[in-house]
>>> print(open('model_34.cif').read())   # mmCIF, C-alpha atoms and all ligand atoms
data_query
loop_
_atom_site.group_PDB
_atom_site.id
_atom_site.type_symbol
_atom_site.label_atom_id
_atom_site.label_comp_id
_atom_site.auth_asym_id
_atom_site.auth_seq_id
_atom_site.Cartn_x
_atom_site.Cartn_y
_atom_site.Cartn_z
ATOM 1 C CA MET A 1 136.351 162.892 167.826
ATOM 2 C CA ALA A 2 134.136 161.472 165.099
ATOM 3 C CA MET A 3 136.699 162.524 162.498
ATOM 4 C CA PHE A 4 139.417 160.853 164.489
ATOM 5 C CA LEU A 5 137.440 157.641 164.723
ATOM 6 C CA THR A 6 136.688 157.687 161.005
ATOM 7 C CA GLY A 7 140.387 158.172 160.324
ATOM 8 C CA LEU A 8 141.227 155.275 162.583
ATOM 9 C CA LEU A 9 138.663 153.086 160.869
ATOM 10 C CA LEU A 10 140.083 153.923 157.435
ATOM 11 C CA LEU A 11 143.540 153.121 158.720
ATOM 12 C CA VAL A 12 142.394 149.744 159.993
ATOM 13 C CA LEU A 13 140.626 148.981 156.721
ATOM 14 C CA ALA A 14 143.730 149.929 154.739
ATOM 15 C CA VAL A 15 146.040 147.456 156.507
ATOM 16 C CA PRO A 16 147.114 145.074 153.724
ATOM 17 C CA SER A 17 147.196 142.009 155.971
ATOM 18 C CA ASP A 18 143.427 142.229 156.338
ATOM 19 C CA PRO A 19 142.294 138.694 155.450
ATOM 20 C CA ASN A 20 139.277 140.118 153.654
ATOM 21 C CA ALA A 21 141.401 142.359 151.388
ATOM 22 C CA LEU A 22 141.721 141.089 147.844
ATOM 23 C CA PRO A 23 144.792 141.666 145.702
ATOM 24 C CA PRO A 24 144.071 143.773 142.596
ATOM 25 C CA GLY A 25 143.618 142.052 139.253
ATOM 26 C CA ASN A 26 141.158 140.748 136.722
ATOM 27 C CA GLY A 27 138.691 138.769 138.749
ATOM 28 C CA GLN A 28 138.942 140.782 141.961
ATOM 29 C CA ALA A 29 135.469 142.248 141.476
ATOM 30 C CA ILE A 30 133.969 138.829 140.748
ATOM 31 C CA VAL A 31 135.323 137.406 143.995
ATOM 32 C CA GLN A 32 134.233 140.502 145.880
ATOM 33 C CA GLN A 33 130.667 140.271 144.574
ATOM 34 C CA LYS A 34 130.081 136.550 144.191
ATOM 35 C CA CYS A 35 132.158 134.884 146.866
ATOM 36 C CA SER A 36 131.299 136.818 149.993
ATOM 37 C CA THR A 37 127.578 136.178 150.188
ATOM 38 C CA CYS A 38 127.683 132.817 151.985
ATOM 39 C CA HIS A 39 130.954 132.953 153.907
ATOM 40 C CA ALA A 40 133.627 135.465 154.797
ATOM 41 C CA LEU A 41 136.109 136.328 152.058
ATOM 42 C CA LYS A 42 138.838 134.985 154.262
ATOM 43 C CA VAL A 43 137.531 131.485 153.548
ATOM 44 C CA VAL A 44 138.663 132.252 149.981
ATOM 45 C CA THR A 45 141.830 134.241 150.730
ATOM 46 C CA GLY A 46 142.990 131.739 153.336
ATOM 47 C CA LYS A 47 142.864 128.851 150.872
ATOM 48 C CA LYS A 48 145.960 127.803 148.918
ATOM 49 C CA ALA A 49 145.234 125.640 145.912
ATOM 50 C CA SER A 50 146.489 124.751 142.448
ATOM 51 C CA ARG A 51 144.643 125.825 139.291
ATOM 52 C CA GLN A 52 143.029 122.406 139.067
ATOM 53 C CA GLN A 53 141.857 122.556 142.670
ATOM 54 C CA TRP A 54 140.502 126.096 142.298
ATOM 55 C CA SER A 55 138.591 125.021 139.247
ATOM 56 C CA THR A 56 137.007 122.227 141.304
ATOM 57 C CA ILE A 57 136.241 124.585 144.205
ATOM 58 C CA VAL A 58 134.605 127.130 141.898
ATOM 59 C CA ASP A 59 132.476 124.352 140.367
ATOM 60 C CA GLN A 60 131.453 123.252 143.863
ATOM 61 C CA MET A 61 130.527 126.807 144.839
ATOM 62 C CA ILE A 62 128.434 127.189 141.714
ATOM 63 C CA THR A 63 126.675 123.934 142.572
ATOM 64 C CA ARG A 64 126.049 125.340 146.031
ATOM 65 C CA GLY A 65 124.532 128.446 144.518
ATOM 66 C CA ALA A 66 127.324 130.921 143.723
ATOM 67 C CA ASP A 67 126.035 133.086 140.923
ATOM 68 C CA VAL A 68 129.052 133.153 138.577
ATOM 69 C CA PRO A 69 128.244 133.550 134.844
ATOM 70 C CA ASP A 70 129.938 130.951 132.596
ATOM 71 C CA ASP A 71 131.954 133.701 130.894
ATOM 72 C CA ASP A 72 133.533 134.727 134.174
ATOM 73 C CA ILE A 73 134.671 131.295 135.318
ATOM 74 C CA ASP A 74 138.031 131.329 133.503
ATOM 75 C CA THR A 75 138.880 134.824 134.725
ATOM 76 C CA LEU A 76 137.912 133.820 138.226
ATOM 77 C CA VAL A 77 139.940 130.591 138.263
ATOM 78 C CA ASP A 78 142.940 132.441 136.761
ATOM 79 C CA TYR A 79 142.702 135.098 139.436
ATOM 80 C CA LEU A 80 142.354 132.627 142.285
ATOM 81 C CA SER A 81 145.143 130.323 141.172
ATOM 82 C CA LYS A 82 147.478 133.250 140.566
ATOM 83 C CA ASN A 83 146.875 134.940 143.914
ATOM 84 C CA PHE A 84 146.139 132.001 146.173
ATOM 85 C CA ALA A 85 148.579 129.390 144.966
ATOM 86 C CA PRO A 86 150.362 126.887 147.182
ATOM 87 C CA ALA A 87 153.682 128.153 148.571
ATOM 88 C CA PRO A 88 156.675 127.482 146.248
ATOM 89 C CA ALA A 89 158.263 125.231 148.862
ATOM 90 C CA LYS A 90 155.268 122.962 148.607
ATOM 91 C CA ALA A 91 155.398 122.988 144.814
ATOM 92 C CA GLY A 92 159.015 121.852 145.136
ATOM 93 C CA ALA A 93 158.009 119.081 147.479
ATOM 94 C CA GLU A 94 155.383 117.921 144.996
ATOM 95 C CA LYS A 95 158.038 117.728 142.301
ATOM 96 C CA GLY A 96 159.725 114.987 144.290
ATOM 97 C CA GLN A 97 162.101 117.012 146.420
ATOM 98 C CA ASN A 98 160.814 115.207 149.416
ATOM 99 C CA ARG A 99 161.468 115.928 153.033
ATOM 100 C CA THR A 100 163.064 112.629 153.930
ATOM 101 C CA GLY A 101 165.840 112.094 151.368
ATOM 102 C CA PRO A 102 169.431 113.377 151.484
ATOM 103 C CA VAL A 103 170.109 117.023 150.651
ATOM 104 C CA ASN A 104 173.451 118.221 149.349
ATOM 105 C CA VAL A 105 173.816 121.554 151.073
ATOM 106 C CA ASN A 106 176.794 122.520 148.912
ATOM 107 C CA THR A 107 175.065 122.099 145.566
ATOM 108 C CA ALA A 108 171.289 122.330 146.130
ATOM 109 C CA PRO A 109 169.652 125.529 144.842
ATOM 110 C CA ALA A 110 167.785 127.703 147.353
ATOM 111 C CA SER A 111 164.369 126.402 146.274
ATOM 112 C CA GLU A 112 165.409 122.805 146.949
ATOM 113 C CA LEU A 113 166.912 123.677 150.331
ATOM 114 C CA ALA A 114 163.725 125.450 151.284
ATOM 115 C CA ALA A 115 161.528 122.535 150.237
ATOM 116 C CA ALA A 116 163.709 119.801 151.674
ATOM 117 C CA LEU A 117 164.544 121.413 154.997
ATOM 118 C CA ASP A 118 161.366 123.374 155.546
ATOM 119 C CA LEU A 119 163.252 126.680 155.503
ATOM 120 C CA THR A 120 161.903 130.077 154.587
ATOM 121 C CA GLU A 121 162.941 131.522 151.244
ATOM 122 C CA GLN A 122 165.069 134.022 153.160
ATOM 123 C CA GLU A 123 166.878 131.301 155.109
ATOM 124 C CA SER A 124 167.587 129.179 152.066
ATOM 125 C CA MET A 125 168.902 132.170 150.125
ATOM 126 C CA SER A 126 171.179 133.051 153.050
ATOM 127 C CA ILE A 127 172.625 129.533 152.928
ATOM 128 C CA VAL A 128 173.390 129.903 149.230
ATOM 129 C CA SER A 129 175.043 133.306 149.599
ATOM 130 C CA TYR A 130 176.976 132.143 152.666
ATOM 131 C CA ARG A 131 178.450 129.182 150.822
ATOM 132 C CA GLU A 132 179.269 131.373 147.824
ATOM 133 C CA GLN A 133 181.275 133.655 150.104
ATOM 134 C CA ASN A 134 182.775 131.143 152.509
ATOM 135 C CA GLY A 135 183.151 127.980 150.471
ATOM 136 C CA ASN A 136 181.582 124.577 151.029
ATOM 137 C CA PHE A 137 180.024 123.501 154.286
ATOM 138 C CA LYS A 138 181.834 120.604 155.949
ATOM 139 C CA GLU A 139 179.505 119.635 158.763
ATOM 140 C CA TRP A 140 175.990 120.498 159.899
ATOM 141 C CA ARG A 141 177.281 122.878 162.567
ATOM 142 C CA ASP A 142 178.701 125.126 159.819
ATOM 143 C CA LEU A 143 175.162 125.827 158.643
ATOM 144 C CA THR A 144 174.125 127.167 162.011
ATOM 145 C CA LYS A 145 176.608 130.030 161.455
ATOM 146 C CA VAL A 146 174.587 131.302 158.497
ATOM 147 C CA PRO A 147 173.053 134.649 159.522
ATOM 148 C CA GLY A 148 169.349 134.485 160.193
ATOM 149 C CA ILE A 149 169.125 130.707 160.136
ATOM 150 C CA ASP A 150 166.948 128.822 162.600
ATOM 151 C CA SER A 151 169.570 126.353 163.850
ATOM 152 C CA LYS A 152 166.886 124.044 165.249
ATOM 153 C CA LYS A 153 165.667 123.338 161.717
ATOM 154 C CA ILE A 154 169.214 122.459 160.702
ATOM 155 C CA GLU A 155 169.849 120.284 163.727
ATOM 156 C CA SER A 156 166.614 118.355 163.355
ATOM 157 C CA ASN A 157 167.597 117.504 159.759
ATOM 158 C CA LYS A 158 171.319 117.024 160.325
ATOM 159 C CA ASP A 159 171.330 113.315 159.477
ATOM 160 C CA ARG A 160 170.016 114.050 155.981
ATOM 161 C CA LEU A 161 172.613 116.646 155.069
ATOM 162 C CA VAL A 162 175.218 115.660 152.493
ATOM 163 C CA PHE A 163 178.451 117.630 151.981
HETATM 164 C C1 LIG A 201 125.825 129.839 147.825
HETATM 165 C C2 LIG A 201 126.745 129.978 148.897
HETATM 166 C C3 LIG A 201 128.219 130.103 148.529
HETATM 167 C C4 LIG A 201 128.793 130.989 147.672
HETATM 168 C C5 LIG A 201 128.133 132.089 146.870
HETATM 169 C C6 LIG A 201 130.214 130.694 147.681
HETATM 170 N N1 LIG A 201 130.482 129.672 148.551
HETATM 171 FE FE1 LIG A 201 132.310 128.966 149.037
HETATM 172 N N2 LIG A 201 131.473 127.718 150.417
HETATM 173 C C7 LIG A 201 130.121 127.583 150.626
HETATM 174 C C8 LIG A 201 129.909 126.579 151.657
HETATM 175 C C9 LIG A 201 128.559 126.116 152.181
HETATM 176 C C10 LIG A 201 131.193 126.137 152.042
HETATM 177 C C11 LIG A 201 131.554 125.094 153.088
HETATM 178 C C12 LIG A 201 131.425 125.629 154.498
HETATM 179 C C13 LIG A 201 132.485 126.645 154.821
HETATM 180 O O1 LIG A 201 133.686 126.345 154.723
HETATM 181 O O2 LIG A 201 132.147 127.788 155.228
HETATM 182 C C14 LIG A 201 132.154 126.893 151.264
HETATM 183 C C15 LIG A 201 133.507 126.764 151.375
HETATM 184 C C16 LIG A 201 134.426 127.381 150.560
HETATM 185 C C17 LIG A 201 135.867 127.182 150.589
HETATM 186 C C18 LIG A 201 136.614 126.271 151.544
HETATM 187 C C19 LIG A 201 136.507 124.867 151.010
HETATM 188 C C20 LIG A 201 137.830 124.182 150.914
HETATM 189 O O3 LIG A 201 137.896 123.246 150.097
HETATM 190 O O4 LIG A 201 138.762 124.547 151.631
HETATM 191 C C21 LIG A 201 136.431 127.934 149.605
HETATM 192 C C22 LIG A 201 137.900 128.036 149.240
HETATM 193 C C23 LIG A 201 135.343 128.620 148.955
HETATM 194 N N3 LIG A 201 134.166 128.278 149.553
HETATM 195 C C24 LIG A 201 135.509 129.473 147.887
HETATM 196 C C25 LIG A 201 134.463 130.176 147.277
HETATM 197 C C26 LIG A 201 134.642 131.040 146.126
HETATM 198 C C27 LIG A 201 135.954 131.281 145.396
HETATM 199 C C28 LIG A 201 133.418 131.568 145.864
HETATM 200 C C29 LIG A 201 133.067 132.516 144.722
HETATM 201 C C30 LIG A 201 133.123 131.942 143.409
HETATM 202 C C31 LIG A 201 132.485 131.032 146.833
HETATM 203 N N4 LIG A 201 133.159 130.179 147.675
HETATM 204 C C32 LIG A 201 131.131 131.350 146.899
HETATM 205 C C33 LIG A 201 129.118 128.274 150.012
HETATM 206 C C34 LIG A 201 129.285 129.282 149.092
#
>>> encode(input="model_34.cif", output="structure tokens", more="lines below")
Ligand code: HEC
Amino acid sequence: MAMFLTGLLLLVLAVPSDPNALPPGNGQAIVQQKCSTCHALKVVTGKKASRQQWSTIVDQMITRGADVPDDDIDTLVDYLSKNFAPAPAKAGAEKGQNRTGPVNVNTAPASELAAALDLTEQESMSIVSYREQNGNFKEWRDLTKVPGIDSKKIESNKDRLVF
């Protein structure tokens, strides 16, 4: 029984979606050792921030008492901004592909569709491959035929779609 329970525990600990699990890389050990003393690691892993913002956060944590040697700061900020970066859709939105302007669904690349229409990467890539196979979309209803698409997202943005 004890063996079984230990096995179960190991299994639970090994689940990759564990919010306290850190992706491997230079800096993993620093986060593990220095960033879990005051709050749960999921405070760190649940945050999405740019390099600039991580640099500010790390400075704040050091001010609060995090014991990170100066030599480790760059490695740490690199690690955090690489693994806990804002989602690409958001990066697109920051570049000016806003969520209120018109979107040409016959020419926009997948990344722009995702950012502009709040689609998943999967959904936006399906739109691109569907139009490559079936030709241009003519009206918003055509987009709801794309496999895997959430038609509510399309309908709620239908007035912004350009063909
Ligand atoms: C000396 C204590 C301490 C240590 C060590 C520490 N933090 Fe924090 N951290 C805090 C406090 C206090 C807060 C604010 C309260 C909270 O969110 O729990 C916080 C909040 C945060 C937040 C959320 C703030 C936001 O802007 O969303 C992040 C992210 C974070 N810490 C990252 C880190 C990282 C990365 C490290 C390791 C370099 C670290 N912390 C080490 C004390 C600490």
>>> closest_residue(input="model_34.cif", among="A:Leu22, A:Thr37, A:Asp142, A:Gly27", to="ligand LIG 201 (chain A)", atoms="only C-alpha atoms and all ligand atoms")
A:Thr37
>>> residues_near_ligand(input="model_34.cif", ligand="ligand LIG 201 (chain A)", cutoff="8 Å", atoms="all atoms listed in the file", output="ChimeraX atom specification")
/A:30-31,34-41,43-47,54,57-58,60-68,76,80
>>> resolve_selection(input="model_34.cif", expression="the PyMOL selection byres (((chain A and resi 137) around 10) and not hetatm)", output="JSON, numbers by chain")
{"A": [104, 105, 106, 127, 130, 131, 134, 135, 136, 138, 139, 140, 141, 142, 143, 162, 163]}
>>> residues_around(input="model_34.cif", residues="segment 107-111 of chain A", least_positions_apart="2", cutoff="7 Å", atoms="all atoms listed in the file", output="PDB file with C-alpha atoms, keeping the file's coordinate frame")
ATOM      1  CA  ALA A  89     158.263 125.231 148.862  1.00  0.00           C
ATOM      2  CA  ASN A 104     173.451 118.221 149.349  1.00  0.00           C
ATOM      3  CA  VAL A 105     173.816 121.554 151.073  1.00  0.00           C
ATOM      4  CA  LEU A 113     166.912 123.677 150.331  1.00  0.00           C
ATOM      5  CA  ALA A 114     163.725 125.450 151.284  1.00  0.00           C
ATOM      6  CA  ALA A 115     161.528 122.535 150.237  1.00  0.00           C
ATOM      7  CA  SER A 124     167.587 129.179 152.066  1.00  0.00           C
ATOM      8  CA  MET A 125     168.902 132.170 150.125  1.00  0.00           C
ATOM      9  CA  VAL A 128     173.390 129.903 149.230  1.00  0.00           C
TER      10      VAL A 128
END
>>> atom_distance(input="model_34.cif", atom1="atom CA of Lys152 of chain A", atom2="atom CA of Ser129 of chain A")
19.9 Å
>>> atom_distance(input="model_34.cif", atom1="atom CA of Val146 of chain A", atom2="atom CA of Arg99 of chain A")
20.9 Å
>>> closest_residue(input="model_34.cif", among="A:Ser156, A:Thr144, A:Ser126, A:Thr56", to="Val77 of chain A", atoms="only C-alpha atoms")
A:Thr56
>>> atom_distance(input="model_34.cif", atom1="atom CA of Asp118 of chain A", atom2="atom CA of Lys48 of chain A")
17.3 Å
>>> closest_residue(input="model_34.cif", among="A:Ser55, A:Asn26, A:Ser151, A:Asn83", to="Glu123 of chain A", atoms="all atoms listed in the file")
A:Ser151
>>> axis_aligned_box(input="model_34.cif", around="segment 114-122 of chain A", padding_each_side="4 Å", output="JSON")
{"center_x": 163.2, "center_y": 126.9, "center_z": 152.9, "size_x": 11.7, "size_y": 22.2, "size_z": 13.3}
>>> closest_residue(input="model_34.cif", among="A:Ala116, A:Ala87, A:Ile73, A:Ala29", to="Lys158 of chain A", atoms="only C-alpha atoms")
A:Ala116
>>> closest_residue(input="model_34.cif", among="A:Gln122, A:Gln133, A:Gln28, A:Thr100", to="Lys82 of chain A", atoms="all atoms listed in the file")
A:Gln28
>>> residues_around(input="model_34.cif", residues="Asn157 of chain A", least_positions_apart="4", cutoff="7 Å", atoms="only C-alpha atoms", output="JSON, numbers by chain")
{"A": [117, 153, 161]}
